[in-house]
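J.: Dropping in my_file-v4.pdb, which is PDB, C-alpha atoms:
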```
MODEL        1
ATOM      1  CA  MET A   1      77.374  57.443  58.374
ATOM      2  CA  SER A   2      80.187  58.929  60.446
ATOM      3  CA  GLY A   3      79.947  61.385  63.308
ATOM      4  CA  GLY A   4      77.109  59.602  65.128
ATOM      5  CA  TYR A   5      75.594  60.253  68.540
ATOM      6  CA  GLU A   6      78.067  60.569  71.388
ATOM      7  CA  PRO A   7      76.759  59.714  74.898
ATOM      8  CA  GLY A   8      77.241  62.494  77.359
ATOM      9  CA  ALA A   9      77.574  65.177  74.680
ATOM     10  CA  LYS A  10      76.648  68.676  75.797
ATOM     11  CA  ARG A  11      73.111  69.671  74.842
ATOM     12  CA  GLY A  12      72.427  72.924  72.996
ATOM     13  CA  THR A  13      69.670  74.674  71.096
ATOM     14  CA  MET A  14      68.146  72.735  68.200
ATOM     15  CA  ASP A  15      68.647  74.315  64.798
ATOM     16  CA  LEU A  16      65.648  74.524  62.454
ATOM     17  CA  GLN A  17      67.766  73.536  59.470
ATOM     18  CA  ASN A  18      68.925  70.413  61.310
ATOM     19  CA  LEU A  19      65.289  69.481  61.912
ATOM     20  CA  ARG A  20      64.596  69.693  58.186
ATOM     21  CA  TYR A  21      67.732  67.668  57.497
ATOM     22  CA  PHE A  22      66.572  65.033  59.986
ATOM     23  CA  GLN A  23      63.155  64.855  58.331
ATOM     24  CA  VAL A  24      64.674  64.087  54.937
ATOM     25  CA  VAL A  25      67.204  61.588  56.300
ATOM     26  CA  ALA A  26      64.420  59.853  58.233
ATOM     27  CA  ARG A  27      62.339  59.586  55.076
ATOM     28  CA  HIS A  28      65.152  58.085  53.004
ATOM     29  CA  GLN A  29      66.944  56.263  55.854
ATOM     30  CA  HIS A  30      69.943  56.668  53.610
ATOM     31  CA  ILE A  31      72.419  59.483  54.118
ATOM     32  CA  SER A  32      73.656  59.687  50.514
ATOM     33  CA  ARG A  33      70.181  59.905  48.973
ATOM     34  CA  ALA A  34      69.131  62.487  51.574
ATOM     35  CA  ALA A  35      72.249  64.573  50.869
ATOM     36  CA  GLU A  36      71.486  64.432  47.150
ATOM     37  CA  GLU A  37      67.934  65.690  47.683
ATOM     38  CA  LEU A  38      69.063  68.448  50.053
ATOM     39  CA  LEU A  39      71.965  69.473  47.800
ATOM     40  CA  VAL A  40      74.450  69.321  50.669
ATOM     41  CA  ALA A  41      77.690  67.389  51.107
ATOM     42  CA  GLN A  42      77.303  64.016  52.776
ATOM     43  CA  PRO A  43      79.847  64.747  55.583
ATOM     44  CA  SER A  44      78.057  68.023  56.380
ATOM     45  CA  LEU A  45      74.728  66.235  56.622
ATOM     46  CA  SER A  46      76.202  63.538  58.859
ATOM     47  CA  ARG A  47      77.611  66.184  61.184
ATOM     48  CA  ALA A  48      74.260  68.005  61.294
ATOM     49  CA  ILE A  49      72.456  64.824  62.357
ATOM     50  CA  ALA A  50      75.126  64.136  64.966
ATOM     51  CA  ARG A  51      74.699  67.658  66.386
ATOM     52  CA  LEU A  52      70.938  67.167  66.575
ATOM     53  CA  GLU A  53      71.362  63.879  68.446
ATOM     54  CA  ALA A  54      73.823  65.548  70.817
ATOM     55  CA  ASP A  55      71.319  68.348  71.464
ATOM     56  CA  LEU A  56      68.603  65.818  72.228
ATOM     57  CA  GLY A  57      70.810  63.547  74.286
ATOM     58  CA  VAL A  58      69.596  60.366  72.556
ATOM     59  CA  PRO A  59      70.447  58.586  69.292
ATOM     60  CA  LEU A  60      67.767  58.850  66.606
ATOM     61  CA  PHE A  61      69.181  56.183  64.262
ATOM     62  CA  ASP A  62      70.625  52.713  64.692
ATOM     63  CA  ARG A  63      73.866  52.444  62.744
ATOM     64  CA  ARG A  64      75.487  49.346  61.308
ATOM     65  CA  GLY A  65      78.401  50.339  59.142
ATOM     66  CA  ARG A  66      76.967  52.482  56.357
ATOM     67  CA  GLN A  67      73.392  51.392  57.084
ATOM     68  CA  ILE A  68      71.109  53.600  59.193
ATOM     69  CA  ARG A  69      67.641  52.856  60.486
ATOM     70  CA  LEU A  70      65.286  55.118  62.415
ATOM     71  CA  ASN A  71      64.985  53.777  65.958
ATOM     72  CA  ALA A  72      62.125  54.142  68.454
ATOM     73  CA  HIS A  73      63.424  57.527  69.643
ATOM     74  CA  GLY A  74      63.714  58.682  66.040
ATOM     75  CA  GLU A  75      60.209  57.546  65.123
ATOM     76  CA  ALA A  76      58.710  59.410  68.076
ATOM     77  CA  PHE A  77      60.753  62.508  67.326
ATOM     78  CA  LEU A  78      59.850  62.408  63.632
ATOM     79  CA  ARG A  79      56.134  62.574  64.420
ATOM     80  CA  ARG A  80      56.715  65.790  66.363
ATOM     81  CA  VAL A  81      59.087  67.250  63.792
ATOM     82  CA  ASP A  82      56.608  66.630  60.963
ATOM     83  CA  ARG A  83      53.954  68.458  62.975
ATOM     84  CA  VAL A  84      56.197  71.391  63.941
ATOM     85  CA  LEU A  85      57.594  71.973  60.454
ATOM     86  CA  SER A  86      54.132  71.706  58.916
ATOM     87  CA  GLU A  87      52.859  74.360  61.318
ATOM     88  CA  LEU A  88      55.803  76.635  60.499
ATOM     89  CA  ASP A  89      55.205  76.251  56.771
ATOM     90  CA  ASP A  90      51.515  77.025  57.265
ATOM     91  CA  ALA A  91      52.409  80.072  59.363
ATOM     92  CA  ARG A  92      54.679  81.375  56.628
ATOM     93  CA  ARG A  93      51.908  81.059  54.054
ATOM     94  CA  GLU A  94      49.398  82.718  56.367
ATOM     95  CA  LEU A  95      51.690  85.699  56.954
ATOM     96  CA  THR A  96      52.270  86.047  53.234
ATOM     97  CA  ASP A  97      48.503  86.245  52.740
ATOM     98  CA  ALA A  98      48.262  88.907  55.460
ATOM     99  CA  VAL A  99      50.210  91.274  53.214
ATOM    100  CA  GLY A 100      47.215  91.215  50.922
ATOM    101  CA  GLU A 101      48.828  90.232  47.626
ATOM    102  CA  VAL A 102      47.878  86.962  45.962
ATOM    103  CA  GLU A 103      51.203  85.494  44.938
ATOM    104  CA  GLY A 104      53.484  82.602  45.758
ATOM    105  CA  THR A 105      53.578  79.000  44.587
ATOM    106  CA  VAL A 106      51.018  76.222  44.605
ATOM    107  CA  SER A 107      52.381  72.674  44.846
ATOM    108  CA  VAL A 108      50.388  69.915  43.136
ATOM    109  CA  ALA A 109      50.932  66.164  42.765
ATOM    110  CA  ALA A 110      49.320  63.971  40.101
ATOM    111  CA  GLU A 111      49.749  60.460  38.745
ATOM    112  CA  THR A 112      50.609  61.859  35.337
ATOM    113  CA  MET A 113      51.321  65.392  34.178
ATOM    114  CA  LEU A 114      49.012  64.930  31.187
ATOM    115  CA  THR A 115      45.980  65.195  33.453
ATOM    116  CA  LEU A 116      47.038  68.709  34.467
ATOM    117  CA  ALA A 117      48.690  70.085  31.336
ATOM    118  CA  ALA A 118      45.709  71.960  29.858
ATOM    119  CA  ALA A 119      44.434  73.120  33.248
ATOM    120  CA  LEU A 120      47.821  74.518  34.276
ATOM    121  CA  SER A 121      48.278  76.296  30.968
ATOM    122  CA  ALA A 122      44.940  78.028  31.467
ATOM    123  CA  PHE A 123      45.712  78.774  35.140
ATOM    124  CA  ARG A 124      49.026  80.437  34.284
ATOM    125  CA  GLY A 125      47.191  82.688  31.848
ATOM    126  CA  ALA A 126      44.547  83.602  34.413
ATOM    127  CA  GLU A 127      46.942  83.990  37.399
ATOM    128  CA  PRO A 128      50.384  85.027  36.084
ATOM    129  CA  GLY A 129      51.591  85.973  39.563
ATOM    130  CA  ILE A 130      51.136  82.469  40.974
ATOM    131  CA  GLY A 131      53.715  79.787  40.289
ATOM    132  CA  VAL A 132      52.980  76.068  40.225
ATOM    133  CA  ARG A 133      55.325  73.281  41.313
ATOM    134  CA  LEU A 134      54.458  69.804  40.045
ATOM    135  CA  TYR A 135      55.225  66.345  41.397
ATOM    136  CA  GLN A 136      54.472  63.008  39.769
ATOM    137  CA  SER A 137      53.303  60.619  42.496
ATOM    138  CA  HIS A 138      51.400  57.394  42.962
ATOM    139  CA  ALA A 139      48.530  57.232  45.445
ATOM    140  CA  GLU A 140      50.578  56.065  48.439
ATOM    141  CA  SER A 141      53.159  58.833  48.100
ATOM    142  CA  MET A 142      50.388  61.399  47.602
ATOM    143  CA  VAL A 143      49.073  60.751  51.111
ATOM    144  CA  ARG A 144      52.562  61.184  52.548
ATOM    145  CA  ARG A 145      53.165  64.398  50.605
ATOM    146  CA  LEU A 146      49.899  65.861  51.907
ATOM    147  CA  ARG A 147      50.687  64.864  55.485
ATOM    148  CA  LEU A 148      54.141  66.447  55.328
ATOM    149  CA  ARG A 149      52.778  69.565  53.553
ATOM    150  CA  GLU A 150      55.081  68.893  50.618
ATOM    151  CA  VAL A 151      52.130  69.669  48.353
ATOM    152  CA  ASP A 152      48.985  71.751  48.706
ATOM    153  CA  PHE A 153      46.859  69.479  46.531
ATOM    154  CA  CYS A 154      46.808  66.101  44.870
ATOM    155  CA  VAL A 155      44.846  65.466  41.689
ATOM    156  CA  ALA A 156      43.932  61.806  42.103
ATOM    157  CA  SER A 157      42.152  59.273  39.915
ATOM    158  CA  GLN A 158      41.533  56.850  42.782
ATOM    159  CA  PRO A 159      40.476  57.308  46.418
ATOM    160  CA  LEU A 160      43.177  58.454  48.838
ATOM    161  CA  GLU A 161      42.869  56.938  52.305
ATOM    162  CA  GLY A 162      42.981  59.174  55.366
ATOM    163  CA  ALA A 163      40.502  60.682  57.808
ATOM    164  CA  ALA A 164      42.334  64.025  57.667
ATOM    165  CA  LEU A 165      41.935  64.372  53.903
ATOM    166  CA  ARG A 166      39.314  66.491  52.181
ATOM    167  CA  SER A 167      38.380  66.272  48.513
ATOM    168  CA  LEU A 168      36.268  67.702  45.725
ATOM    169  CA  VAL A 169      35.189  65.767  42.641
ATOM    170  CA  LEU A 170      36.541  67.605  39.601
ATOM    171  CA  MET A 171      34.994  65.389  36.937
ATOM    172  CA  ARG A 172      33.862  61.892  36.043
ATOM    173  CA  GLU A 173      34.737  60.535  32.630
ATOM    174  CA  GLU A 174      34.429  57.341  30.664
ATOM    175  CA  VAL A 175      37.530  55.214  30.218
ATOM    176  CA  LEU A 176      37.850  53.837  26.691
ATOM    177  CA  LEU A 177      39.715  50.991  25.070
ATOM    178  CA  ALA A 178      42.409  52.212  22.690
ATOM    179  CA  VAL A 179      43.641  49.876  19.937
ATOM    180  CA  PRO A 180      46.155  50.389  17.101
ATOM    181  CA  PRO A 181      44.608  52.100  14.051
ATOM    182  CA  ASP A 182      45.082  48.968  11.908
ATOM    183  CA  HIS A 183      43.650  46.603  14.530
ATOM    184  CA  PRO A 184      40.764  44.354  13.376
ATOM    185  CA  TRP A 185      38.563  46.040  16.000
ATOM    186  CA  ALA A 186      39.260  49.556  14.701
ATOM    187  CA  GLY A 187      35.837  49.780  13.080
ATOM    188  CA  ARG A 188      33.905  48.426  16.064
ATOM    189  CA  ALA A 189      31.973  50.472  18.610
ATOM    190  CA  SER A 190      32.731  48.365  21.715
ATOM    191  CA  ALA A 191      34.420  45.278  23.114
ATOM    192  CA  ALA A 192      33.667  42.976  26.054
ATOM    193  CA  VAL A 193      36.107  42.564  28.914
ATOM    194  CA  GLU A 194      36.438  38.846  28.102
ATOM    195  CA  GLU A 195      37.539  39.720  24.558
ATOM    196  CA  ILE A 196      40.026  42.328  25.761
ATOM    197  CA  ALA A 197      41.670  39.733  28.013
ATOM    198  CA  ARG A 198      42.749  37.765  24.933
ATOM    199  CA  GLU A 199      44.520  40.749  23.368
ATOM    200  CA  PRO A 200      48.090  41.879  24.177
ATOM    201  CA  PHE A 201      47.404  44.329  26.996
ATOM    202  CA  ILE A 202      49.444  47.397  28.009
ATOM    203  CA  VAL A 203      48.963  48.652  31.560
ATOM    204  CA  PRO A 204      50.843  50.614  34.257
ATOM    205  CA  ARG A 205      52.396  48.882  37.246
ATOM    206  CA  PRO A 206      50.250  48.124  40.341
ATOM    207  CA  GLY A 207      49.263  51.250  42.245
ATOM    208  CA  HIS A 208      48.317  53.370  39.229
ATOM    209  CA  TRP A 209      44.617  54.032  38.774
ATOM    210  CA  GLN A 210      44.441  52.427  35.307
ATOM    211  CA  ARG A 211      45.882  49.238  36.770
ATOM    212  CA  VAL A 212      43.412  49.321  39.659
ATOM    213  CA  LEU A 213      40.524  49.738  37.199
ATOM    214  CA  ALA A 214      41.789  47.012  34.849
ATOM    215  CA  ASP A 215      42.338  44.537  37.689
ATOM    216  CA  ARG A 216      38.788  45.150  38.936
ATOM    217  CA  LEU A 217      37.219  44.672  35.494
ATOM    218  CA  PHE A 218      39.141  41.483  34.708
ATOM    219  CA  GLU A 219      38.618  39.982  38.163
ATOM    220  CA  ARG A 220      34.884  40.578  38.000
ATOM    221  CA  ALA A 221      34.738  38.960  34.560
ATOM    222  CA  GLY A 222      36.736  35.988  35.857
ATOM    223  CA  VAL A 223      39.522  36.326  33.285
ATOM    224  CA  LEU A 224      43.217  37.165  33.283
ATOM    225  CA  PRO A 225      44.653  39.688  30.827
ATOM    226  CA  THR A 226      47.585  38.943  28.545
ATOM    227  CA  VAL A 227      49.918  41.659  29.817
ATOM    228  CA  VAL A 228      52.754  42.403  27.380
ATOM    229  CA  CYS A 229      53.962  45.663  28.900
ATOM    230  CA  GLU A 230      53.699  47.399  32.261
ATOM    231  CA  GLY A 231      55.491  50.580  33.259
ATOM    232  CA  ASP A 232      55.593  53.601  35.537
ATOM    233  CA  GLU A 233      54.443  56.248  33.049
ATOM    234  CA  PRO A 234      50.708  56.001  32.304
ATOM    235  CA  GLY A 235      51.016  58.841  29.808
ATOM    236  CA  ALA A 236      53.134  56.649  27.516
ATOM    237  CA  ILE A 237      50.483  53.950  27.104
ATOM    238  CA  GLN A 238      48.730  55.596  24.153
ATOM    239  CA  ASP A 239      52.019  55.980  22.293
ATOM    240  CA  LEU A 240      52.780  52.289  22.781
ATOM    241  CA  ILE A 241      49.305  51.350  21.566
ATOM    242  CA  GLY A 242      49.672  53.596  18.539
ATOM    243  CA  ALA A 243      52.946  51.830  17.753
ATOM    244  CA  GLY A 244      51.029  48.551  17.518
ATOM    245  CA  LEU A 245      52.313  46.896  20.693
ATOM    246  CA  GLY A 246      48.906  46.138  22.192
ATOM    247  CA  VAL A 247      45.654  47.571  23.535
ATOM    248  CA  GLY A 248      44.908  49.450  26.749
ATOM    249  CA  LEU A 249      42.563  51.598  28.807
ATOM    250  CA  ILE A 250      42.777  55.352  28.258
ATOM    251  CA  PRO A 251      40.588  58.133  29.756
ATOM    252  CA  SER A 252      38.352  59.862  27.234
ATOM    253  CA  MET A 253      40.110  63.153  28.047
ATOM    254  CA  ALA A 254      43.028  61.896  25.939
ATOM    255  CA  ARG A 255      40.719  61.350  22.963
ATOM    256  CA  ARG A 256      39.569  64.977  23.100
ATOM    257  CA  ALA A 257      43.095  66.295  23.536
ATOM    258  CA  GLY A 258      44.406  64.572  20.422
ATOM    259  CA  THR A 259      48.056  65.123  21.396
ATOM    260  CA  HIS A 260      49.285  61.511  21.233
ATOM    261  CA  ALA A 261      49.742  58.767  18.670
ATOM    262  CA  GLU A 262      46.751  57.917  16.532
ATOM    263  CA  VAL A 263      44.627  55.072  17.887
ATOM    264  CA  ALA A 264      41.105  53.744  17.392
ATOM    265  CA  TRP A 265      38.657  54.115  20.281
ATOM    266  CA  LEU A 266      36.082  51.617  21.556
ATOM    267  CA  GLU A 267      33.743  51.604  24.508
ATOM    268  CA  VAL A 268      34.284  48.902  27.124
ATOM    269  CA  GLU A 269      31.174  46.839  27.790
ATOM    270  CA  ALA A 270      31.145  47.480  31.546
ATOM    271  CA  GLU A 271      28.955  49.965  33.382
ATOM    272  CA  ASP A 272      31.656  51.336  35.668
ATOM    273  CA  CYS A 273      34.570  51.659  33.258
ATOM    274  CA  GLU A 274      35.242  55.250  34.299
ATOM    275  CA  ARG A 275      37.450  57.345  36.492
ATOM    276  CA  GLU A 276      36.598  59.965  39.065
ATOM    277  CA  LEU A 277      39.121  62.789  39.165
ATOM    278  CA  THR A 278      39.345  64.450  42.594
ATOM    279  CA  LEU A 279      41.226  67.364  44.098
ATOM    280  CA  VAL A 280      42.520  66.360  47.544
ATOM    281  CA  TRP A 281      44.077  68.423  50.352
ATOM    282  CA  HIS A 282      44.878  67.988  54.037
ATOM    283  CA  ARG A 283      42.196  69.141  56.456
ATOM    284  CA  ASP A 284      44.686  70.708  58.887
ATOM    285  CA  ALA A 285      46.862  72.449  56.295
ATOM    286  CA  TYR A 286      46.585  76.183  55.806
ATOM    287  CA  LEU A 287      45.559  76.895  52.221
ATOM    288  CA  SER A 288      47.116  80.130  51.037
ATOM    289  CA  ALA A 289      45.185  82.613  48.942
ATOM    290  CA  ALA A 290      47.105  81.320  45.930
ATOM    291  CA  ALA A 291      46.097  77.749  46.754
ATOM    292  CA  ARG A 292      42.471  78.740  47.150
ATOM    293  CA  ARG A 293      42.589  80.492  43.779
ATOM    294  CA  PHE A 294      43.939  77.298  42.231
ATOM    295  CA  ARG A 295      41.226  75.191  43.858
ATOM    296  CA  ASP A 296      38.452  77.452  42.575
ATOM    297  CA  PHE A 297      40.010  77.566  39.118
ATOM    298  CA  ALA A 298      40.425  73.770  38.929
ATOM    299  CA  VAL A 299      36.795  73.170  39.880
ATOM    300  CA  GLU A 300      35.579  75.542  37.172
ATOM    301  CA  HIS A 301      38.016  74.274  34.549
ATOM    302  CA  TYR A 302      37.180  70.578  34.901
ATOM    303  CA  ALA A 303      33.462  71.284  35.180
ATOM    304  CA  GLY A 304      33.747  72.883  31.753
ATOM    305  CA  LEU A 305      35.491  69.822  30.375
ATOM    306  CA  ALA A 306      32.830  67.503  31.776
ATOM    307  CA  ALA A 307      30.081  69.590  30.184
ATOM    308  CA  ALA A 308      31.807  69.714  26.783
TER     309      ALA A 308
ENDMDL
END
```
The structure given in the file should be rewritten as structure tokens.
T.:
Amino acid sequence: MSGGYEPGAKRGTMDLQNLRYFQVVARHQHISRAAEELLVAQPSLSRAIARLEADLGVPLFDRRGRQIRLNAHGEAFLRRVDRVLSELDDARRELTDAVGEVEGTVSVAAETMLTLAAALSAFRGAEPGIGVRLYQSHAESMVRRLRLREVDFCVASQPLEGAALRSLVLMREEVLLAVPPDHPWAGRASAAVEEIAREPFIVPRPGHWQRVLADRLFERAGVLPTVVCEGDEPGAIQDLIGAGLGVGLIPSMARRAGTHAEVAWLEVEAEDCERELTLVWHRDAYLSAAARRFRDFAVEHYAGLAAA
């Protein structure tokens, strides 16, 4: 990263755009990846960071060749920048609401888009003036996105840690075992966890809610599963099962939707083989009128699914 901090440089007025640039560079700690996300040229981004450091009078990053790392000054500054930019974003949304028209965009993160597909289709029909921006995120990145106000809500299938987070339970549903349609168990009603452990098992990577649930069930039963496939897209598991590659845990919502490969469904012989779907937001974030409309709609929509 060229154009770094110069001691003794004249201090000026900090530019808001440079603060946003700093926030992204600090998150990536990699100038090229930050420039790619921001859609700016790498030299321009380097110069912007150098100007910010000159304005502050201290370096924010330690530089070793092309490597950059946020230093103690940068970490302290980032905490303030996150807070300031979050407040500005909230203020913008609040002023938009003051005009009186319910419009704008709601940003939502979820582990898989399949969880939201039907709800968002219905929401677009009910609120055509409100746009929705989607992000696929695992639980750890969801907490960060909420803290930085990158999203208004997260739809999570496992608890998100944080005293500043607020949540509503959208629905609870049984998680079923899906097996290929020609599997010897296809005609059975249920299977024990110990039996499932002996089958080729398809599961997402650690961090996804299905993996968390599976690990808990197998650990409690004192067995280890025979994992033949693990990936980053939980929505692809049913297709892999339908192709005959193994068995896996799928929420019952997928059975009702009927949009994936054909599989046979069994109950898992465990009392807590279920997921709790929650809508999570940051306590200190301003929820726009559009966001509040989405929250109310989501609660009603998933309550209807649970009652069906």
J.: Can you spell out as a tab-separated table (two decimals) with C-alpha atoms, in the frame of the given file the set of residues that the PyMOL selection byres ((chain A and resi 149) around 10) selects in the structure I just provided?
T.:
```tsv
chain	number	residue	atom	x	y	z
A	82	ASP	CA	56.61	66.63	60.96
A	83	ARG	CA	53.95	68.46	62.98
A	85	LEU	CA	57.59	71.97	60.45
A	86	SER	CA	54.13	71.71	58.92
A	87	GLU	CA	52.86	74.36	61.32
A	89	ASP	CA	55.20	76.25	56.77
A	90	ASP	CA	51.52	77.03	57.26
A	107	SER	CA	52.38	72.67	44.85
A	143	VAL	CA	49.07	60.75	51.11
A	144	ARG	CA	52.56	61.18	52.55
A	145	ARG	CA	53.16	64.40	50.60
A	146	LEU	CA	49.90	65.86	51.91
A	147	ARG	CA	50.69	64.86	55.48
A	148	LEU	CA	54.14	66.45	55.33
A	150	GLU	CA	55.08	68.89	50.62
A	151	VAL	CA	52.13	69.67	48.35
A	152	ASP	CA	48.98	71.75	48.71
A	153	PHE	CA	46.86	69.48	46.53
A	281	TRP	CA	44.08	68.42	50.35
A	282	HIS	CA	44.88	67.99	54.04
A	284	ASP	CA	44.69	70.71	58.89
A	285	ALA	CA	46.86	72.45	56.30
A	286	TYR	CA	46.58	76.18	55.81
```
J.: What do you get, as a VMD selection string, if you spell out every residue that the PyMOL selection byres ((chain A and resi 67-72) around 10) selects here?
T.: chain A and resid 1 25 to 31 59 to 66 73 to 78
J.: How many Å lie between CA of Gly242 (chain A) and CA of His183 (chain A), rounded to one decimal?
T.: 10.1 Å
J.: Return the single residue from A:Ala109, A:Val263, A:Leu39, A:Ala192 that is closest to Gln136 (chain A), with distances computed using all atoms listed in the file.
T.: A:Ala109
J.: What's the separation between CA of Ala91 (chain A) and CA of Ala139 (chain A), in Å to one decimal place?
T.: 27.0 Å
J.: Taking 4 positions as the minimum chain separation for residues in the same chain, which residues sit within 10 Å of Phe123 (chain A) when counting all atoms listed in the file? Answer as number ranges by chain.
T.: A: 117-119, 127-128, 130-132, 293-294, 297-298, 301
J.: How would the residues just chosen look if you wrote them out with C-alpha atoms as a JSON list (two decimals), in the frame of the given file?
T.:
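What ended up in selection_38.json:
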```
[["chain", "number", "residue", "atom", "x", "y", "z"],
["A", 117, "ALA", "CA", 48.69, 70.08, 31.34],
["A", 118, "ALA", "CA", 45.71, 71.96, 29.86],
["A", 119, "ALA", "CA", 44.43, 73.12, 33.25],
["A", 127, "GLU", "CA", 46.94, 83.99, 37.40],
["A", 128, "PRO", "CA", 50.38, 85.03, 36.08],
["A", 130, "ILE", "CA", 51.14, 82.47, 40.97],
["A", 131, "GLY", "CA", 53.72, 79.79, 40.29],
["A", 132, "VAL", "CA", 52.98, 76.07, 40.22],
["A", 293, "ARG", "CA", 42.59, 80.49, 43.78],
["A", 294, "PHE", "CA", 43.94, 77.30, 42.23],
["A", 297, "PHE", "CA", 40.01, 77.57, 39.12],
["A", 298, "ALA", "CA", 40.42, 73.77, 38.93],
["A", 301, "HIS", "CA", 38.02, 74.27, 34.55]]
```
J.: Give me, please, the distance in Å between CA of Ala214 (chain A) and CA of Ile250 (chain A), quoted to one decimal.
T.: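 Those two atoms sit 10.7 Å apart.
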J.: Which neighbours of Pro200 (chain A) fall inside 8 Å, counting all atoms listed in the file, when residues of the same chain fewer than 2 positions from it are skipped, and could you give them as an mmCIF file with C-alpha atoms, in the frame of the given file?
T.:
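Done, and the output landed in part-v3.cif:
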```cif
data_model
loop_
_atom_site.group_PDB
_atom_site.id
_atom_site.type_symbol
_atom_site.label_atom_id
_atom_site.label_comp_id
_atom_site.auth_asym_id
_atom_site.auth_seq_id
_atom_site.Cartn_x
_atom_site.Cartn_y
_atom_site.Cartn_z
ATOM 1 C CA ALA A 197 41.670 39.733 28.013
ATOM 2 C CA ARG A 198 42.749 37.765 24.933
ATOM 3 C CA ILE A 202 49.444 47.397 28.009
ATOM 4 C CA PRO A 225 44.653 39.688 30.827
ATOM 5 C CA THR A 226 47.585 38.943 28.545
ATOM 6 C CA VAL A 227 49.918 41.659 29.817
ATOM 7 C CA VAL A 228 52.754 42.403 27.380
ATOM 8 C CA LEU A 245 52.313 46.896 20.693
ATOM 9 C CA GLY A 246 48.906 46.138 22.192
ATOM 10 C CA VAL A 247 45.654 47.571 23.535
#
```
J.: Spell out the residues picked by the PyMOL selection byres ((chain A and resi 49) around 10) here, as a ChimeraX atom specification.
T.: /A:1-5,18-19,21-22,25,31,44-48,50-55,59-61
J.: How would you write as a PyMOL selection string the residues that get within 12 Å of (34.6, 49.7, 33.1) in the file's frame, counting all atoms listed in the file?
T.: chain A and resi 173-177+190-193+196+210-221+249-251+266-275
J.: Could you tell me which of A:Ala261, A:Val280, A:Val40, A:Val223 comes closest to Ala164 (chain A) if we count all atoms listed in the file?
T.: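 Nearest candidate to Ala164 (chain A) out of A:Ala261, A:Val280, A:Val40, A:Val223: A:Val280.
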J.: Considering only C-alpha atoms, state which residue in the set A:Glu94, A:Ala178, A:Val155, A:Asp15 is at the smallest distance from Thr115 (chain A).
T.: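 Under the stated criterion, the closest residue is A:Val155.
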J.: Give the answer as one residue: which of A:Gly187, A:Val179, A:Ser252, A:Arg133 has the shortest atom-to-atom distance to Glu276 (chain A), using all atoms listed in the file?
T.: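 Smallest separation from Glu276 (chain A) among the options: A:Ser252.
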J.: Hey, which of A:Pro204, A:Pro43, A:Gly104, A:Gly248 ends up closest to Pro234 (chain A)? Count all atoms listed in the file.
T.: A:Pro204
J.: Nearest to Arg295 (chain A): which of A:Gly207, A:Thr112, A:Gly162, A:Leu279 is it, counting all atoms listed in the file?
T.: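 Closest residue, counting all atoms listed in the file: A:Leu279.
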